[in-house]
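The block underneath contains the structure these notes are about, expressed in structure tokens.
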Amino acid sequence: MRTNLLKELLHGGSVIRTAAMLLLMGAASVTNAQKPLYLNTKAPLEERVKDALKRMTVHEKIQVLHAQSKFSSAGVPRLGLRQLNMDDGPHGVREELEWNSWKVAKWTNDSVVAFPSLTCLAATWNPVMSALYGNVVSEEFAFRGKDIMLGPGVNIARTPLNGRAFEYMGEDPYLAGRMVVPYIKEAQANGVACCLKHFALNNQEPYRFETDVIVSERALREIYLPAFEHAVKEGGVWTIMGSYNLWLGRHCCQNDSLLNGILKREWGFDGAVVSDWGGVTDTWQAATGGMDIEMGSYTDGKLKESEFTYDDYYLARPFEKLINESKISMEVLDEKVARVLRTMFRTSMNPDKVIGSQCSEAHYEACRQIAEEGIVLLRNRNDILPIDASRYNRILVVGENATRSLTEGGGSSELKTLRDVSPLEALKALYGDKIVHAKGYSSGKPLYGKVDKVSAETQAKLKAEALAKADDADLIIFIGGLNKNRLQDCENGDRESYDLSFGQNALISELAAKQKNIIVVTFGGNPYSTPWLDRIGGLLHCWYLGSESGNALANVLSGKVSPSGKLPVTFAVKQSDYPCFAFGTDGYPGNGKEVYYNEGIYVGYRHFLTKGVKSRFPFGFGLSYTTFKYGKPTIKAAGNAWQVSVDVTNTGKMEGKEVVQLYIGDEKCSVDRPVRELKNFKKVQLNPGETKSVTMTITPQDLCFWDETTHGWKAEAGKFKAYVCASAEDVRGSVTFEYKP
């Protein structure tokens with residue numbers, strides 16, 4: 001009876017399963033020394049892996065290498081090796097799905113906190129916020145019984161139209177690398193593996209399943225791989241997800257050069273590579289090309305309604321057949337299984353894995369803090385912000401995003417939340433009866449698979465209502481931008497235009513013509529055109545702020561919090577200013593077979609600075625409600641490195657945070673290089689009148705470029721310049737130094 005009860009408990013929720021495991025452990029009353037070596041949690045990890053590996057049959061080894069449900073891979077019950085439970089992130093735990101289908105399971109206890117988008121996190125330029133994020137989001141994954149969080153993502157923002165850009169960390173590999181490491185470290189300290197994605201070159205959604213990315217070796221190494229390398233070497237990430245696209249003519253989920261050559265051998269990655277769902281297309285290539293766990297989208301699994309089962313996956317029965325026929329060596333199989341075992345011992349079988357919590361007040365507080373620091377103030381004419389409520393009797397809030405849920409939609413990152421605070425709700429709580437609302441436009445329902453078109457008649461009616469209410473308003477707050485519908489910020493499709501959709505540009509212009517006191521607030525994961533910019537007073541870009549969206553925005557609008565976010569992407573004046581559009585469809589989105597990255601290393605601000613293209617708002621830009629004065633920077637040698645120091649003073653009347661950015665330029669080089677590149681930054685908090693000295697280090701690696709003749713990093717002797725900046729275009733001082741190898 002006790003055994004049957006424990007079996008029932010083990011099939012319950014995460015908390016019940018934990019209790020059951022404790023009962024089993026107590027019943028066994030076995031010390032670590034008496035257990036098999038692989039179950040001895042005090043033994044070295046590699047010894048445990050070797051011991052478990054030698055006890056497994058070939059079939060058991062094969063079983064742990066592929067899905068057994070939509071979001072889990074098998075364990076080995078005979079040996080007490082637990083399965084791996086995965087779920088979509090990286091902004092929160094996805095709603096529970098049925099075991100064998102994409103239908104929601106309709107649980108009543110799977111509502112979570114939606115944390116800000118990773119673009120918002122990158123916009124904080126604050127590794128402390130990244131560590132906080134990793135800690136709280138992983139606690140929710142742990143509480144739900146998840147071992148692997150599918151995220152974060154660090155693919156580079158090559159195009160401003162990318163439907164999944166909101167899941168990534170901007171256009172610069174150094175910024176993305178610095179910001180992803182604390183997230184990974186804190187999440188994995190809780191016993192939840194991060195599954196870094198999408199490795200690699202997944203920079204667009206159109207043709208993502210079949211496009212071969214043609215990119216130079218130098219651009220690959222300098223732009224598209226460094227953030228992943230930081231995550232592996234500094235973050236110690238435990239799992240990595242392959243991407244759908246091809247590189248060198250082979251899908252990245254079965255690409256020997258990428259997975260075995262670069263990731264495992266060169267970088268020393270010891271974890272497991274997980275396929276994107278359905279990303280494996282060939283047994284031989286996957287088996288020999290470095291894939292470790294194959295996940296999929298295209299089967300309903302073990303049930304009778306499907307003839308194609310999980311055992312028919314490429315790394316399942318077909319792989320086992322090749323092993324048994326000695327066509328692929330046992331060493332190849334064992335290497336994969338060892339990686340999966342490491343992941344199990346680090347997560348599902350980790351006695352130190354936290355129990356976690358879900359929807360705690362501490363999590364909402366963290367959500368709000370990250371959101372506040374990620375909001376970027378782009379325009380503040382005549383100090384219209386922060387809002388002085390005493391000046392206005394009637395405040396008109398216009399725009400669908402004032403009330404629309406921005407945690408729904410978007411594809412695999414969609415979240416089911418317990419509570420969300422909308423901007424309109426928070427503004428009403430702050431300003432009471434002064435607030436009047438008009439929707440202004442409609443984007444339709446939040447759909448993933450298709451576009452919900454709204455009639456012209458409906459749009460005209462909503463616009464007319466907003467314009468009529470504007471006649472009596474003393475202040476207009478327009479809250480719009482993008483959303484997570486298909487062809488907006490959504491998986492499996494990119495935006496079709498650099499303009500804001502649903503007639504927003506015209507609506508903003510007409511509202512501004514009626515009332516000069518107008519503040520525009522935008523949400524979204526991408527830059528966009530701003531043809532109305534000279535007619536408005538204030539502009540805030542908010543990315544996606546999560547469950548505390550309204551409270552975070554209200555705190556910034558009201559001045560309770562001074563904005564300190566900086567752009568992790570460049571806002572261009574027009575779409576054609578981005579380099580990927582200079583080469584026709586070859587450069588973007590490709591022809592369905594290839595896409596050519598002909599701009600090479602000149603992505604984002606590197607292009608705008610070096611090619612002399614004027615941006616609307618540069619990379620690293622963001623205003624504050626206070627002002628900062630920079631002193632003259634100094635530099636000194638520090639062993640095999642250099643230290644650049646600069647005094648920064650808050651010269652305004654409000655506490656604020658400034659991001660001091662350090663860029664490096666090579667004065668003379670044998671290859672073409674950008675004018676300057678980000679190599680360090682530090683966020684500093686200052687009271688009014690306070691001065692702090694900020695010191696940042698430059699290492700010889702920061703001076704390197706990728707040499708395509710030697711296929712390695714190279715720094716040439718000569719003079720370099722260190723630029724202390726407030727943005728990529730705003731140089732506050734510079735110092736010259738010499739490198740002698």
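Ligands are numbered from 1 in the order shown, residues from 1 within each chain, and chains are lettered A, B, ... in the order they appear in the structure tokens.
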DSSP-assigned alpha helix (DSSP H) members of region 385-438 of chain A, reported as a VMD selection string:
chain A and resid 423 to 431
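Every protein, DNA or RNA residue with an atom at most 7 Å from region 571-586 of chain A, where only C-alpha atoms count and chain neighbours fewer than 3 positions away do not, is listed here: A:Thr159, A:Tyr498, A:Pro527, A:Tyr528, A:Ser529, A:Pro589, A:Gly590, A:Asn591, A:Val595, A:Tyr596, A:Glu599, A:Val603, A:His607, A:Ser615, A:Arg616, A:Phe617, A:Pro618.
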Among listed residues A:Ala193, A:Ala122, A:Ala554, A:Ile62, nearest Asp312 (chain A) (using only C-alpha atoms):
A:Ile62
Could you work out how far CA of Gly151 (chain A) lies from CA of Cys195 (chain A), giving the answer in Å with one decimal?
5.0 Å
Write out as a ChimeraX atom specification the residues lying within 10 Å of Arg535 (chain A), counting only C-alpha atoms and excluding same-chain residues fewer than 4 positions away.
/A:381,508-513,515-518,531
Which value, in Å to one decimal, gives the distance between CA of Glu658 (chain A) and CA of Ala227 (chain A)?
23.6 Å
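Residue neighbourhood of region 245-249 of chain A, excluding near-sequence residues (fewer than 6 positions): Arg208, Phe209, Glu210, Thr211, Asp212 and Val213 of chain A, at 6 Å, using only C-alpha atoms.
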For Gly656 (chain A), work out the shell of residues within 9 Å, counting only C-alpha atoms and skipping chain neighbours fewer than 6 positions away, then give it as a ChimeraX atom specification.
/A:561-564,624-628,650,684-688
Using only C-alpha atoms, which protein or nucleic acid residues come within 6 Å of region 199-207 of chain A? Drop anything in the same chain fewer than 3 positions from it, and give the result as a PyMOL selection string.
chain A and resi 162+210-211+242-243+492-494+592
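If you count only C-alpha atoms and ignore residues fewer than 2 places along the chain from Thr649 (chain A), what sits within 8 Å of it is Phe628, Lys629, Tyr630, Asp647, Thr651, Leu686, Gly689, Glu690, Thr691 and Lys692 of chain A.
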Dump of all heavy atoms for the selected residues, as an mmCIF file, in the first residue's frame:
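Below you can see again33.cif, which holds the result:
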data_model
loop_
_atom_site.group_PDB
_atom_site.id
_atom_site.type_symbol
_atom_site.label_atom_id
_atom_site.label_comp_id
_atom_site.auth_asym_id
_atom_site.auth_seq_id
_atom_site.Cartn_x
_atom_site.Cartn_y
_atom_site.Cartn_z
ATOM 1 N N PHE A 628 24.371 64.848 -16.289
ATOM 2 C CA PHE A 628 25.647 64.309 -15.828
ATOM 3 C C PHE A 628 26.802 64.997 -16.554
ATOM 4 O O PHE A 628 26.754 65.214 -17.764
ATOM 5 C CB PHE A 628 25.717 62.798 -16.084
ATOM 6 C CG PHE A 628 24.629 62.020 -15.396
ATOM 7 C CD1 PHE A 628 23.478 61.665 -16.088
ATOM 8 C CD2 PHE A 628 24.745 61.668 -14.060
ATOM 9 C CE1 PHE A 628 22.464 60.952 -15.462
ATOM 10 C CE2 PHE A 628 23.736 60.958 -13.426
ATOM 11 C CZ PHE A 628 22.592 60.606 -14.122
ATOM 12 N N LYS A 629 27.812 65.332 -15.793
ATOM 13 C CA LYS A 629 29.012 65.931 -16.352
ATOM 14 C C LYS A 629 30.169 64.944 -16.219
ATOM 15 O O LYS A 629 30.378 64.364 -15.156
ATOM 16 C CB LYS A 629 29.354 67.233 -15.612
ATOM 17 C CG LYS A 629 30.612 67.915 -16.126
ATOM 18 C CD LYS A 629 30.923 69.173 -15.312
ATOM 19 C CE LYS A 629 32.211 69.837 -15.778
ATOM 20 N NZ LYS A 629 32.535 71.041 -14.977
ATOM 21 N N TYR A 630 30.892 64.767 -17.308
ATOM 22 C CA TYR A 630 32.042 63.873 -17.328
ATOM 23 C C TYR A 630 33.323 64.688 -17.183
ATOM 24 O O TYR A 630 33.481 65.746 -17.817
ATOM 25 C CB TYR A 630 32.110 63.104 -18.645
ATOM 26 C CG TYR A 630 31.084 61.995 -18.814
ATOM 27 C CD1 TYR A 630 29.715 62.266 -18.827
ATOM 28 C CD2 TYR A 630 31.489 60.674 -18.989
ATOM 29 C CE1 TYR A 630 28.787 61.262 -19.003
ATOM 30 C CE2 TYR A 630 30.567 59.652 -19.170
ATOM 31 C CZ TYR A 630 29.214 59.958 -19.173
ATOM 32 O OH TYR A 630 28.295 58.950 -19.345
ATOM 33 N N ASP A 647 35.785 60.801 -13.854
ATOM 34 C CA ASP A 647 34.851 61.289 -12.840
ATOM 35 C C ASP A 647 33.527 61.651 -13.507
ATOM 36 O O ASP A 647 33.502 62.286 -14.565
ATOM 37 C CB ASP A 647 35.411 62.524 -12.133
ATOM 38 C CG ASP A 647 36.540 62.190 -11.180
ATOM 39 O OD1 ASP A 647 36.718 60.997 -10.867
ATOM 40 O OD2 ASP A 647 37.261 63.122 -10.771
ATOM 41 N N THR A 651 24.849 66.707 -12.074
ATOM 42 C CA THR A 651 24.738 68.166 -12.016
ATOM 43 C C THR A 651 23.289 68.645 -11.959
ATOM 44 O O THR A 651 23.027 69.854 -12.043
ATOM 45 C CB THR A 651 25.427 68.795 -13.241
ATOM 46 O OG1 THR A 651 24.876 68.226 -14.437
ATOM 47 C CG2 THR A 651 26.926 68.543 -13.200
ATOM 48 N N LEU A 686 24.022 58.193 -8.772
ATOM 49 C CA LEU A 686 24.547 59.425 -8.183
ATOM 50 C C LEU A 686 23.430 60.284 -7.612
ATOM 51 O O LEU A 686 22.391 60.486 -8.257
ATOM 52 C CB LEU A 686 25.296 60.232 -9.238
ATOM 53 C CG LEU A 686 26.565 59.608 -9.838
ATOM 54 C CD1 LEU A 686 26.979 60.352 -11.089
ATOM 55 C CD2 LEU A 686 27.684 59.607 -8.813
ATOM 56 N N GLY A 689 24.578 66.504 -7.160
ATOM 57 C CA GLY A 689 25.846 67.076 -6.725
ATOM 58 C C GLY A 689 26.939 66.071 -6.446
ATOM 59 O O GLY A 689 28.091 66.455 -6.213
ATOM 60 N N GLU A 690 26.639 64.804 -6.457
ATOM 61 C CA GLU A 690 27.617 63.770 -6.109
ATOM 62 C C GLU A 690 28.516 63.450 -7.307
ATOM 63 O O GLU A 690 28.073 63.423 -8.451
ATOM 64 C CB GLU A 690 26.899 62.507 -5.650
ATOM 65 C CG GLU A 690 27.835 61.396 -5.179
ATOM 66 C CD GLU A 690 27.109 60.146 -4.705
ATOM 67 O OE1 GLU A 690 25.875 60.068 -4.890
ATOM 68 O OE2 GLU A 690 27.780 59.248 -4.149
ATOM 69 N N THR A 691 29.787 63.175 -7.012
ATOM 70 C CA THR A 691 30.755 62.764 -8.024
ATOM 71 C C THR A 691 31.313 61.395 -7.657
ATOM 72 O O THR A 691 31.637 61.138 -6.498
ATOM 73 C CB THR A 691 31.919 63.768 -8.122
ATOM 74 O OG1 THR A 691 31.405 65.042 -8.515
ATOM 75 C CG2 THR A 691 32.957 63.310 -9.137
ATOM 76 N N LYS A 692 31.422 60.532 -8.645
ATOM 77 C CA LYS A 692 32.055 59.236 -8.446
ATOM 78 C C LYS A 692 33.062 59.001 -9.562
ATOM 79 O O LYS A 692 32.849 59.420 -10.706
ATOM 80 C CB LYS A 692 31.021 58.105 -8.451
ATOM 81 C CG LYS A 692 30.150 58.043 -7.207
ATOM 82 C CD LYS A 692 29.216 56.838 -7.231
ATOM 83 C CE LYS A 692 28.368 56.772 -5.964
ATOM 84 N NZ LYS A 692 27.420 55.621 -5.989
#
Would you mind telling me which residue in A:Arg404, A:Arg419, A:Lys469, A:Lys321 lies nearest to Ala438 (chain A) when using only C-alpha atoms?
A:Lys469
To one decimal place in Å, what is the distance between CA of Gly612 (chain A) and CA of Val675 (chain A)?
10.1 Å
Check region 528-594 of chain A with DSSP on the backbone and list each residue it calls strand (DSSP E or B), as a PDB file with all heavy atoms, in the first residue's frame.
ATOM      1  N   GLY A 538       7.439  64.467 -25.546  1.00  0.00           N
ATOM      2  CA  GLY A 538       8.219  63.411 -24.911  1.00  0.00           C
ATOM      3  C   GLY A 538       8.044  62.085 -25.616  1.00  0.00           C
ATOM      4  O   GLY A 538       6.995  61.817 -26.211  1.00  0.00           O
ATOM      5  N   LEU A 539       9.093  61.243 -25.555  1.00  0.00           N
ATOM      6  CA  LEU A 539       9.036  59.898 -26.135  1.00  0.00           C
ATOM      7  C   LEU A 539       9.736  58.933 -25.208  1.00  0.00           C
ATOM      8  O   LEU A 539      10.909  59.105 -24.867  1.00  0.00           O
ATOM      9  CB  LEU A 539       9.698  59.880 -27.515  1.00  0.00           C
ATOM     10  CG  LEU A 539       9.830  58.501 -28.189  1.00  0.00           C
ATOM     11  CD1 LEU A 539       8.460  57.857 -28.392  1.00  0.00           C
ATOM     12  CD2 LEU A 539      10.572  58.625 -29.523  1.00  0.00           C
ATOM     13  N   LEU A 540       9.000  57.913 -24.790  1.00  0.00           N
ATOM     14  CA  LEU A 540       9.537  56.824 -23.973  1.00  0.00           C
ATOM     15  C   LEU A 540       9.373  55.519 -24.731  1.00  0.00           C
ATOM     16  O   LEU A 540       8.282  55.239 -25.258  1.00  0.00           O
ATOM     17  CB  LEU A 540       8.790  56.701 -22.642  1.00  0.00           C
ATOM     18  CG  LEU A 540       9.043  57.730 -21.547  1.00  0.00           C
ATOM     19  CD1 LEU A 540       7.960  57.626 -20.483  1.00  0.00           C
ATOM     20  CD2 LEU A 540      10.414  57.507 -20.910  1.00  0.00           C
ATOM     21  N   HIS A 541      10.440  54.721 -24.788  1.00  0.00           N
ATOM     22  CA  HIS A 541      10.299  53.378 -25.363  1.00  0.00           C
ATOM     23  C   HIS A 541      10.430  52.347 -24.249  1.00  0.00           C
ATOM     24  O   HIS A 541      11.384  52.379 -23.473  1.00  0.00           O
ATOM     25  CB  HIS A 541      11.338  53.115 -26.445  1.00  0.00           C
ATOM     26  CG  HIS A 541      11.099  51.818 -27.170  1.00  0.00           C
ATOM     27  ND1 HIS A 541       9.902  51.528 -27.782  1.00  0.00           N
ATOM     28  CD2 HIS A 541      11.878  50.725 -27.346  1.00  0.00           C
ATOM     29  CE1 HIS A 541       9.960  50.331 -28.329  1.00  0.00           C
ATOM     30  NE2 HIS A 541      11.150  49.819 -28.069  1.00  0.00           N
ATOM     31  N   PHE A 571      18.259  53.155 -33.455  1.00  0.00           N
ATOM     32  CA  PHE A 571      17.046  53.598 -34.130  1.00  0.00           C
ATOM     33  C   PHE A 571      17.469  54.408 -35.355  1.00  0.00           C
ATOM     34  O   PHE A 571      18.086  55.469 -35.214  1.00  0.00           O
ATOM     35  CB  PHE A 571      16.198  54.478 -33.212  1.00  0.00           C
ATOM     36  CG  PHE A 571      15.248  53.731 -32.321  1.00  0.00           C
ATOM     37  CD1 PHE A 571      15.682  52.703 -31.495  1.00  0.00           C
ATOM     38  CD2 PHE A 571      13.902  54.057 -32.297  1.00  0.00           C
ATOM     39  CE1 PHE A 571      14.809  52.026 -30.666  1.00  0.00           C
ATOM     40  CE2 PHE A 571      13.009  53.386 -31.468  1.00  0.00           C
ATOM     41  CZ  PHE A 571      13.458  52.367 -30.652  1.00  0.00           C
ATOM     42  N   ALA A 572      17.146  53.919 -36.540  1.00  0.00           N
ATOM     43  CA  ALA A 572      17.476  54.631 -37.768  1.00  0.00           C
ATOM     44  C   ALA A 572      16.368  55.597 -38.140  1.00  0.00           C
ATOM     45  O   ALA A 572      15.228  55.468 -37.672  1.00  0.00           O
ATOM     46  CB  ALA A 572      17.696  53.643 -38.904  1.00  0.00           C
ATOM     47  N   GLU A 594      19.187  30.808 -49.594  1.00  0.00           N
ATOM     48  CA  GLU A 594      20.339  31.465 -48.979  1.00  0.00           C
ATOM     49  C   GLU A 594      19.974  32.893 -48.600  1.00  0.00           C
ATOM     50  O   GLU A 594      19.112  33.514 -49.219  1.00  0.00           O
ATOM     51  CB  GLU A 594      21.543  31.518 -49.929  1.00  0.00           C
ATOM     52  CG  GLU A 594      22.072  30.190 -50.401  1.00  0.00           C
ATOM     53  CD  GLU A 594      21.472  29.784 -51.738  1.00  0.00           C
ATOM     54  OE1 GLU A 594      20.838  30.641 -52.395  1.00  0.00           O
ATOM     55  OE2 GLU A 594      21.628  28.607 -52.111  1.00  0.00           O
TER      56      GLU A 594
END
From the set A:Gln34, A:Thr347, A:Ser670, A:Ser257, which residue has the shortest atom-to-atom contact distance to Trp238 (chain A), counting only C-alpha atoms?
A:Thr347
